[in-house]
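**Student:** The following file, data.cif, comprises mmCIF, C-alpha atoms:
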```
data_input
loop_
_atom_site.group_PDB
_atom_site.id
_atom_site.type_symbol
_atom_site.label_atom_id
_atom_site.label_comp_id
_atom_site.auth_asym_id
_atom_site.auth_seq_id
_atom_site.Cartn_x
_atom_site.Cartn_y
_atom_site.Cartn_z
ATOM 1 C CA MET T 1 7.674 19.988 -0.570
ATOM 2 C CA SER T 2 9.193 22.595 -2.787
ATOM 3 C CA GLN T 3 11.776 20.058 -3.797
ATOM 4 C CA PRO T 4 11.200 18.410 -7.168
ATOM 5 C CA ILE T 5 10.355 14.719 -7.611
ATOM 6 C CA ARG T 6 13.522 12.729 -8.191
ATOM 7 C CA ILE T 7 13.318 10.024 -10.838
ATOM 8 C CA ARG T 8 15.836 7.449 -11.937
ATOM 9 C CA ALA T 9 14.892 5.045 -14.712
ATOM 10 C CA ARG T 10 17.626 2.883 -16.183
ATOM 11 C CA VAL T 11 17.361 0.016 -18.598
ATOM 12 C CA ARG T 12 19.378 -3.035 -17.730
ATOM 13 C CA ASN T 13 18.964 -6.376 -19.499
ATOM 14 C CA GLY T 14 15.834 -5.173 -21.245
ATOM 15 C CA THR T 15 14.057 -4.018 -18.096
ATOM 16 C CA ALA T 16 13.864 -0.473 -16.785
ATOM 17 C CA ASP T 17 14.422 -0.215 -13.048
ATOM 18 C CA VAL T 18 12.523 2.867 -11.892
ATOM 19 C CA THR T 19 13.077 4.632 -8.576
ATOM 20 C CA ILE T 20 10.999 7.660 -7.657
ATOM 21 C CA LEU T 21 11.485 9.859 -4.600
ATOM 22 C CA MET T 22 8.686 12.304 -3.848
ATOM 23 C CA PRO T 23 9.598 14.891 -1.218
ATOM 24 C CA HIS T 24 6.502 15.226 0.990
ATOM 25 C CA PRO T 25 5.987 15.553 4.775
ATOM 26 C CA MET T 26 3.491 12.633 4.901
ATOM 27 C CA GLU T 27 2.043 13.937 8.163
ATOM 28 C CA THR T 28 0.047 11.203 9.862
ATOM 29 C CA GLY T 29 -2.225 13.494 11.839
ATOM 30 C CA LEU T 30 -1.087 11.611 14.942
ATOM 31 C CA ARG T 31 1.935 13.764 15.724
ATOM 32 C CA GLN T 32 1.789 16.531 18.293
ATOM 33 C CA ASP T 33 3.736 19.778 18.249
ATOM 34 C CA GLU T 34 5.419 21.328 21.318
ATOM 35 C CA SER T 35 2.132 22.700 22.662
ATOM 36 C CA GLY T 36 0.356 19.352 22.333
ATOM 37 C CA ASN T 37 -1.714 20.194 19.264
ATOM 38 C CA PHE T 38 -2.031 17.500 16.642
ATOM 39 C CA LYS T 39 -0.484 18.393 13.308
ATOM 40 C CA ALA T 40 -3.043 18.109 10.522
ATOM 41 C CA PRO T 41 -2.755 15.028 8.341
ATOM 42 C CA HIS T 42 -1.015 15.808 5.064
ATOM 43 C CA PHE T 43 -0.035 12.919 2.856
ATOM 44 C CA ILE T 44 0.111 11.757 -0.744
ATOM 45 C CA THR T 45 -2.934 9.677 -1.593
ATOM 46 C CA ARG T 46 -2.350 8.742 -5.229
ATOM 47 C CA VAL T 47 0.578 8.367 -7.580
ATOM 48 C CA LEU T 48 0.301 7.800 -11.304
ATOM 49 C CA VAL T 49 3.245 6.865 -13.511
ATOM 50 C CA THR T 50 3.052 6.906 -17.291
ATOM 51 C CA VAL T 51 5.526 6.167 -20.050
ATOM 52 C CA THR T 52 4.790 7.989 -23.299
ATOM 53 C CA GLY T 53 1.249 8.519 -22.052
ATOM 54 C CA ARG T 54 0.509 4.906 -21.079
ATOM 55 C CA THR T 55 -0.081 4.077 -17.394
ATOM 56 C CA VAL T 56 2.647 1.718 -16.194
ATOM 57 C CA PHE T 57 2.203 1.929 -12.426
ATOM 58 C CA SER T 58 -0.201 3.507 -9.985
ATOM 59 C CA ALA T 59 -0.402 3.601 -6.236
ATOM 60 C CA ARG T 60 -2.814 4.504 -3.489
ATOM 61 C CA MET T 61 -1.135 5.525 -0.295
ATOM 62 C CA SER T 62 -2.122 6.127 3.285
ATOM 63 C CA PHE T 63 -0.132 8.060 5.857
ATOM 64 C CA ALA T 64 1.534 4.755 6.734
ATOM 65 C CA VAL T 65 3.923 5.366 3.849
ATOM 66 C CA SER T 66 7.096 7.005 5.181
ATOM 67 C CA GLN T 67 8.011 10.666 4.772
ATOM 68 C CA ASP T 68 9.362 11.468 1.294
ATOM 69 C CA PRO T 69 7.783 8.376 -0.308
ATOM 70 C CA LEU T 70 10.063 6.174 -2.317
ATOM 71 C CA LEU T 71 8.762 3.877 -5.022
ATOM 72 C CA ASN T 72 10.713 1.292 -6.925
ATOM 73 C CA PHE T 73 9.314 -0.883 -9.705
ATOM 74 C CA ARG T 74 10.339 -2.513 -12.976
ATOM 75 C CA LEU T 75 9.205 -2.078 -16.542
ATOM 76 C CA PRO T 76 10.218 -4.909 -18.864
ATOM 77 C CA GLY T 77 10.554 -3.757 -22.442
ATOM 78 C CA ALA T 78 10.845 -0.050 -21.651
ATOM 79 C CA LEU T 79 13.225 1.728 -23.977
ATOM 80 C CA ALA T 80 15.909 4.290 -23.317
ATOM 81 C CA GLY T 81 14.717 7.680 -24.520
ATOM 82 C CA GLU T 82 11.064 7.110 -23.583
ATOM 83 C CA ARG T 83 9.551 9.771 -21.362
ATOM 84 C CA LEU T 84 8.419 8.709 -17.885
ATOM 85 C CA ARG T 85 6.030 11.002 -16.075
ATOM 86 C CA VAL T 86 5.027 10.938 -12.402
ATOM 87 C CA THR T 87 2.040 12.765 -10.901
ATOM 88 C CA TRP T 88 1.044 12.710 -7.255
ATOM 89 C CA THR T 89 -2.049 14.040 -5.514
ATOM 90 C CA ASP T 90 -2.268 14.594 -1.772
ATOM 91 C CA ASN T 91 -5.162 14.702 0.676
ATOM 92 C CA LEU T 92 -5.253 18.521 0.501
ATOM 93 C CA GLY T 93 -5.799 18.374 -3.241
ATOM 94 C CA GLU T 94 -2.322 19.492 -4.153
ATOM 95 C CA VAL T 95 -1.007 17.977 -7.382
ATOM 96 C CA ARG T 96 2.582 17.767 -8.456
ATOM 97 C CA GLY T 97 4.348 16.194 -11.390
ATOM 98 C CA GLY T 98 7.788 15.425 -12.661
ATOM 99 C CA GLU T 99 9.308 13.658 -15.590
ATOM 100 C CA ALA T 100 12.505 12.116 -16.813
ATOM 101 C CA LEU T 101 13.822 10.262 -19.796
ATOM 102 C CA ILE T 102 14.520 6.568 -19.391
ATOM 103 C CA THR T 103 18.256 6.024 -19.838
ATOM 104 C CA MET A 1 -29.402 4.464 -0.251
ATOM 105 C CA ARG A 2 -29.060 5.414 3.358
ATOM 106 C CA SER A 3 -30.531 2.220 4.734
ATOM 107 C CA GLU A 4 -28.312 0.242 2.379
ATOM 108 C CA GLY A 5 -25.307 2.042 3.824
ATOM 109 C CA SER A 6 -26.269 1.408 7.409
ATOM 110 C CA LEU A 7 -27.103 -2.200 6.606
ATOM 111 C CA ARG A 8 -23.665 -2.649 5.138
ATOM 112 C CA ARG A 9 -22.116 -0.980 8.151
ATOM 113 C CA ARG A 10 -24.040 -3.308 10.426
ATOM 114 C CA GLN A 11 -22.860 -6.318 8.436
ATOM 115 C CA LEU A 12 -19.336 -5.028 8.727
ATOM 116 C CA LEU A 13 -19.620 -4.522 12.452
ATOM 117 C CA LEU A 14 -21.168 -7.943 12.882
ATOM 118 C CA ALA A 15 -18.469 -9.547 10.809
ATOM 119 C CA ALA A 16 -15.797 -7.559 12.604
ATOM 120 C CA SER A 17 -17.040 -8.656 16.011
ATOM 121 C CA ALA A 18 -17.204 -12.220 14.737
ATOM 122 C CA TRP A 19 -13.547 -11.864 13.787
ATOM 123 C CA THR A 20 -12.601 -10.764 17.257
ATOM 124 C CA ALA A 21 -14.670 -13.439 18.913
ATOM 125 C CA ALA A 22 -13.962 -16.391 16.694
ATOM 126 C CA GLY A 23 -10.412 -15.655 15.638
ATOM 127 C CA ALA A 24 -8.913 -15.530 12.173
ATOM 128 C CA ALA A 25 -10.230 -18.764 10.704
ATOM 129 C CA GLY A 26 -13.799 -18.252 11.860
ATOM 130 C CA ALA A 27 -13.962 -14.669 10.652
ATOM 131 C CA ALA A 28 -12.598 -15.603 7.253
ATOM 132 C CA GLN A 29 -15.540 -17.946 6.760
ATOM 133 C CA VAL A 30 -18.088 -15.448 8.033
ATOM 134 C CA ALA A 31 -16.661 -12.701 5.861
ATOM 135 C CA SER A 32 -16.280 -14.644 2.646
ATOM 136 C CA ALA A 33 -19.899 -15.664 2.936
ATOM 137 C CA ALA A 34 -20.925 -12.042 3.514
ATOM 138 C CA GLN A 35 -19.470 -10.110 0.563
ATOM 139 C CA PRO A 36 -16.972 -10.078 -2.294
ATOM 140 C CA PRO A 37 -13.589 -8.371 -1.810
ATOM 141 C CA ASP A 38 -13.776 -4.576 -1.864
ATOM 142 C CA LEU A 39 -10.339 -2.958 -2.107
ATOM 143 C CA GLU A 40 -11.721 0.569 -1.693
ATOM 144 C CA LEU A 41 -13.522 -0.399 1.502
ATOM 145 C CA ALA A 42 -10.390 -2.150 2.781
ATOM 146 C CA PHE A 43 -8.362 0.976 2.129
ATOM 147 C CA SER A 44 -10.613 3.146 4.264
ATOM 148 C CA ALA A 45 -10.762 0.583 7.102
ATOM 149 C CA ARG A 46 -9.691 1.785 10.523
ATOM 150 C CA THR A 47 -8.922 -1.586 12.040
ATOM 151 C CA PHE A 48 -7.151 -4.615 10.642
ATOM 152 C CA SER A 49 -10.155 -6.886 11.149
ATOM 153 C CA GLU A 50 -12.363 -4.382 9.298
ATOM 154 C CA ALA A 51 -9.891 -4.382 6.391
ATOM 155 C CA ILE A 52 -9.825 -8.184 6.246
ATOM 156 C CA VAL A 53 -13.608 -8.329 6.324
ATOM 157 C CA ALA A 54 -13.698 -5.851 3.418
ATOM 158 C CA LEU A 55 -11.384 -8.206 1.533
ATOM 159 C CA GLY A 56 -13.868 -11.027 2.080
ATOM 160 C CA GLY A 57 -11.746 -12.731 4.723
ATOM 161 C CA MET A 58 -8.045 -13.493 4.981
ATOM 162 C CA PRO A 59 -7.013 -14.740 1.519
ATOM 163 C CA PRO A 60 -5.208 -18.089 1.203
ATOM 164 C CA VAL A 61 -1.444 -17.964 1.711
ATOM 165 C CA SER A 62 0.608 -18.274 -1.467
ATOM 166 C CA THR A 63 4.275 -19.227 -1.692
ATOM 167 C CA GLN A 64 4.321 -17.358 -5.018
ATOM 168 C CA ILE A 65 4.457 -14.058 -3.124
ATOM 169 C CA THR A 66 7.881 -12.881 -1.984
ATOM 170 C CA LEU A 67 7.984 -10.356 0.838
ATOM 171 C CA ASP A 68 11.278 -8.714 1.751
ATOM 172 C CA LEU A 69 11.238 -6.997 5.109
ATOM 173 C CA PRO A 70 13.768 -6.624 7.926
ATOM 174 C CA GLN A 71 13.150 -8.908 10.918
ATOM 175 C CA VAL A 72 13.951 -6.035 13.233
ATOM 176 C CA ALA A 73 13.395 -2.357 12.445
ATOM 177 C CA GLU A 74 15.184 0.169 14.660
ATOM 178 C CA ASP A 75 13.018 2.989 13.370
ATOM 179 C CA GLY A 76 9.337 2.285 12.749
ATOM 180 C CA ALA A 77 9.056 5.486 10.705
ATOM 181 C CA LEU A 78 11.183 4.118 7.895
ATOM 182 C CA VAL A 79 10.857 0.414 7.186
ATOM 183 C CA PRO A 80 11.983 -0.741 3.736
ATOM 184 C CA ILE A 81 9.704 -3.301 2.141
ATOM 185 C CA SER A 82 9.658 -4.993 -1.235
ATOM 186 C CA VAL A 83 7.100 -7.374 -2.655
ATOM 187 C CA SER A 84 7.033 -9.473 -5.754
ATOM 188 C CA SER A 85 4.422 -11.853 -7.031
ATOM 189 C CA GLN A 86 4.993 -14.813 -9.313
ATOM 190 C CA LEU A 87 1.249 -15.346 -9.527
ATOM 191 C CA GLY A 88 -0.077 -14.981 -13.073
ATOM 192 C CA ASP A 89 -2.245 -11.939 -13.840
ATOM 193 C CA THR A 90 -1.253 -10.016 -10.728
ATOM 194 C CA ARG A 91 -3.355 -6.837 -10.743
ATOM 195 C CA ASP A 92 -2.925 -5.237 -7.330
ATOM 196 C CA ILE A 93 -0.518 -5.541 -4.427
ATOM 197 C CA LEU A 94 -1.719 -4.362 -1.017
ATOM 198 C CA ILE A 95 0.481 -3.804 2.012
ATOM 199 C CA LEU A 96 -1.295 -4.137 5.351
ATOM 200 C CA VAL A 97 0.029 -3.718 8.873
ATOM 201 C CA ASP A 98 -2.084 -5.237 11.622
ATOM 202 C CA VAL A 99 -0.934 -2.809 14.347
ATOM 203 C CA ASN A 100 -1.288 0.461 12.404
ATOM 204 C CA PRO A 101 -4.139 2.933 12.966
ATOM 205 C CA GLN A 102 -4.805 2.713 9.235
ATOM 206 C CA PRO A 103 -4.160 -0.928 8.353
ATOM 207 C CA VAL A 104 -3.720 -0.577 4.579
ATOM 208 C CA ALA A 105 -0.448 1.258 3.996
ATOM 209 C CA ALA A 106 -0.491 1.202 0.221
ATOM 210 C CA CYS A 107 -2.028 -0.426 -2.806
ATOM 211 C CA PHE A 108 -0.044 -0.750 -6.019
ATOM 212 C CA SER A 109 -1.795 -1.405 -9.300
ATOM 213 C CA ILE A 110 0.180 -3.385 -11.838
ATOM 214 C CA PRO A 111 -0.961 -2.937 -15.442
ATOM 215 C CA ASP A 112 -0.160 -5.481 -18.159
ATOM 216 C CA GLY A 113 3.506 -5.263 -19.101
ATOM 217 C CA THR A 114 4.739 -4.097 -15.689
ATOM 218 C CA GLU A 115 6.558 -6.587 -13.470
ATOM 219 C CA ALA A 116 4.561 -7.673 -10.402
ATOM 220 C CA TYR A 117 7.081 -6.081 -8.080
ATOM 221 C CA ALA A 118 7.140 -2.961 -5.929
ATOM 222 C CA ALA A 119 9.320 -1.567 -3.182
ATOM 223 C CA THR A 120 8.725 1.334 -0.833
ATOM 224 C CA ARG A 121 9.208 2.444 2.778
ATOM 225 C CA ILE A 122 6.435 2.286 5.337
ATOM 226 C CA ARG A 123 5.666 3.235 8.932
ATOM 227 C CA LEU A 124 4.937 0.747 11.670
ATOM 228 C CA ALA A 125 3.345 1.931 14.904
ATOM 229 C CA GLN A 126 4.875 -0.951 16.872
ATOM 230 C CA SER A 127 5.955 -4.580 16.507
ATOM 231 C CA GLY A 128 3.399 -6.505 14.517
ATOM 232 C CA THR A 129 2.806 -8.393 11.309
ATOM 233 C CA VAL A 130 3.005 -7.112 7.755
ATOM 234 C CA TYR A 131 0.531 -8.757 5.392
ATOM 235 C CA ILE A 132 0.640 -8.680 1.621
ATOM 236 C CA VAL A 133 -2.538 -9.272 -0.306
ATOM 237 C CA VAL A 134 -2.214 -9.822 -4.045
ATOM 238 C CA ARG A 135 -5.232 -9.560 -6.303
ATOM 239 C CA THR A 136 -5.105 -11.655 -9.465
ATOM 240 C CA GLU A 137 -7.701 -12.658 -12.025
ATOM 241 C CA GLN A 138 -8.097 -15.827 -9.941
ATOM 242 C CA GLY A 139 -8.812 -14.015 -6.682
ATOM 243 C CA LEU A 140 -6.864 -12.845 -3.652
ATOM 244 C CA PHE A 141 -3.757 -14.420 -2.124
ATOM 245 C CA SER A 142 -1.676 -13.439 0.872
ATOM 246 C CA ALA A 143 1.694 -13.604 2.570
ATOM 247 C CA ALA A 144 2.720 -12.421 6.039
ATOM 248 C CA ARG A 145 5.850 -11.690 8.057
ATOM 249 C CA PRO A 146 6.223 -10.633 11.685
ATOM 250 C CA ILE A 147 8.501 -7.685 12.428
ATOM 251 C CA GLN A 148 10.018 -6.295 15.614
ATOM 252 C CA VAL A 149 10.007 -2.507 15.884
ATOM 253 C CA THR A 150 12.297 -0.805 18.377
ATOM 254 C CA VAL A 151 10.838 2.716 18.119
ATOM 255 C CA GLY A 152 7.318 3.162 16.745
ATOM 256 C CA GLY A 153 6.818 5.359 13.699
ATOM 257 C CA CYS A 154 3.501 7.086 14.254
ATOM 258 C CA SER A 155 4.110 9.830 16.786
#
```
Starting from the file, lay out its structure as structure tokens.
**Tutor:**
Amino acid sequence: MSQPIRIRARVRNGTADVTILMPHPMETGLRQDESGNFKAPHFITRVLVTVTGRTVFSARMSFAVSQDPLLNFRLPGALAGERLRVTWTDNLGEVRGGEALIT
Amino acid sequence: MRSEGSLRRRQLLLAASAWTAAGAAGAAQVASAAQPPDLELAFSARTFSEAIVALGGMPPVSTQITLDLPQVAEDGALVPISVSSQLGDTRDILILVDVNPQPVAACFSIPDGTEAYAATRIRLAQSGTVYIVVRTEQGLFSAARPIQVTVGGCS
């Protein structure tokens, strides 16, 4: 969780291919520890992606998304040098962001 | 407010039991007559039939939706999936898994200018079917693929 969001956004043939990796346990609430107690659910619920302030992608997630959620999507017309920003919120109200320049 | 809520719940339950009793086709008719699609309600559904009822019944299948998914997944905790839609005005892409304790895995919103494509990795509790529901300006459309899971990804 302390690890930063990893973002790769590269323009190829006029379209930016964006891959985002968000380190997060994505606990389902269905897993038990050694003593048989269920681990509390802890998962990202929303992700918002903007480019120069404009929303380009957003997601709602349940705990059925795998640990360390990966998102890949494409932005036609995005330009190298534009700033892409990612913000996630989890079910415990934690918010985390990261950004990268499109290359 | 409260009675409205319980009425809605009762409708849901009724529709859900109709689904179980009458099978997919029957429930789709019951549900589409009952209420318009509600993506929020589908997201909070705890069973697949409840989610489909919230969507107003199983949407018609479209060949304009491409779903990439392995036929066999060794590890249900990490199943790569990618979806693209060639349907015009695609607004939302939902991923549903019929065998999961929470049937809607994710919902991606596609604003104007973004390609109607998304890829991620999801969990599957066991072998089942992955459904994609795409919301466009013209309504909802679906695609489905069965998948074999060797080791479930929930516990």
**Student:** Go ahead and compute the interatomic distance for CA of Ala106 in chain A and CA of Thr150 in chain A, in Å to one decimal.
**Tutor:**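 Going from CA of Ala106 in chain A over to CA of Thr150 in chain A covers 22.3 Å.
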**Student:** Taking 6 positions as the minimum chain separation for residues in the same chain, which residues sit within 10 Å of range 29-41 of chain T when counting all atoms listed in the file? Answer as a PDB file with C-alpha atoms, keeping the file's coordinate frame.
**Tutor:**
```pdb
ATOM      1  CA  PHE T  63      -0.132   8.060   5.857  1.00  0.00           C
ATOM      2  CA  ASN T  91      -5.162  14.702   0.676  1.00  0.00           C
ATOM      3  CA  LEU T  92      -5.253  18.521   0.501  1.00  0.00           C
TER       4      LEU T  92
ATOM      5  CA  PRO A 101      -4.139   2.933  12.966  1.00  0.00           C
ATOM      6  CA  GLY A 153       6.818   5.359  13.699  1.00  0.00           C
ATOM      7  CA  CYS A 154       3.501   7.086  14.254  1.00  0.00           C
ATOM      8  CA  SER A 155       4.110   9.830  16.786  1.00  0.00           C
TER       9      SER A 155
END
```
**Student:** To one decimal place, how far is CA of Arg121 in chain A from CA of Ala105 in chain A in Å?
**Tutor:**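 These atoms are spaced 9.8 Å apart.
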**Student:** Exactly which residues make up the result of the PyMOL selection byres ((chain T) within 12 of (chain A)) on this file, given as a ChimeraX atom specification?
**Tutor:** /T:15-22,26-33,36,38-39,41,43-51,54-78
**Student:** To one decimal in Å, tell me the separation between CA of Thr90 in chain A and CA of Glu82 in chain T.
**Tutor:**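 Taking CA of Thr90 in chain A and CA of Glu82 in chain T, their separation equals 24.7 Å.
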**Student:** Calculated over all atoms listed in the file, which of the candidates A:Thr136, A:Ile65, A:Ile147, A:Pro37 has the smallest distance to Val99 in chain A?
**Tutor:**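 Nearest candidate to Val99 in chain A out of A:Thr136, A:Ile65, A:Ile147, A:Pro37: A:Ile147.
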**Student:** Looking at T:Gly97, T:Thr52, T:Thr103, T:Ala9, which one is nearest to Arg83 in chain T, with distances taken over all atoms listed in the file?
**Tutor:**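 Residue with the minimum atom-to-atom distance to Arg83 in chain T: T:Thr52.
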**Student:** I'd like to know which of A:Val151, A:Leu67, A:Ile52, A:Met58 is closest to Gln86 in chain A, using all atoms listed in the file.
**Tutor:**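 That would be A:Leu67, the residue with the smallest distance to Gln86 in chain A.
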**Student:** With a distance cut-off of 9 Å and all atoms listed in the file, select the neighbouring residues of Gly88 in chain A, excluding the residue or stretch itself and same-chain residues fewer than 3 positions from it, and output the selection as a CSV table (one decimal) with C-alpha atoms, keeping the file's coordinate frame.
**Tutor:**
```
chain,number,residue,atom,x,y,z
A,85,SER,CA,4.4,-11.9,-7.0
A,136,THR,CA,-5.1,-11.7,-9.5
A,137,GLU,CA,-7.7,-12.7,-12.0
A,138,GLN,CA,-8.1,-15.8,-9.9
```
**Student:** Under the PyMOL selection byres ((chain T and resi 4) around 10), which residues of this model are included? Write them out as a list of chain:residue names.
**Tutor:**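 Evaluating the PyMOL selection byres ((chain T and resi 4) around 10) on these coordinates yields T:Met1, T:Ser2, T:Gln3, T:Ile5, T:Arg6, T:Ile7, T:Leu21, T:Met22, T:Pro23, T:His24, T:Arg96, T:Gly97, T:Gly98, T:Glu99.
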**Student:** Report, as AutoDock Vina command-line options, the centre and edge lengths in Å (one decimal) of the axis-aligned box enclosing every listed atom of range 20-25 of chain T, padded by 5 Å on each side.
**Tutor:**
```
--center_x 8.7 --center_y 11.6 --center_z -1.4 --size_x 15.5 --size_y 17.9 --size_z 22.4
```
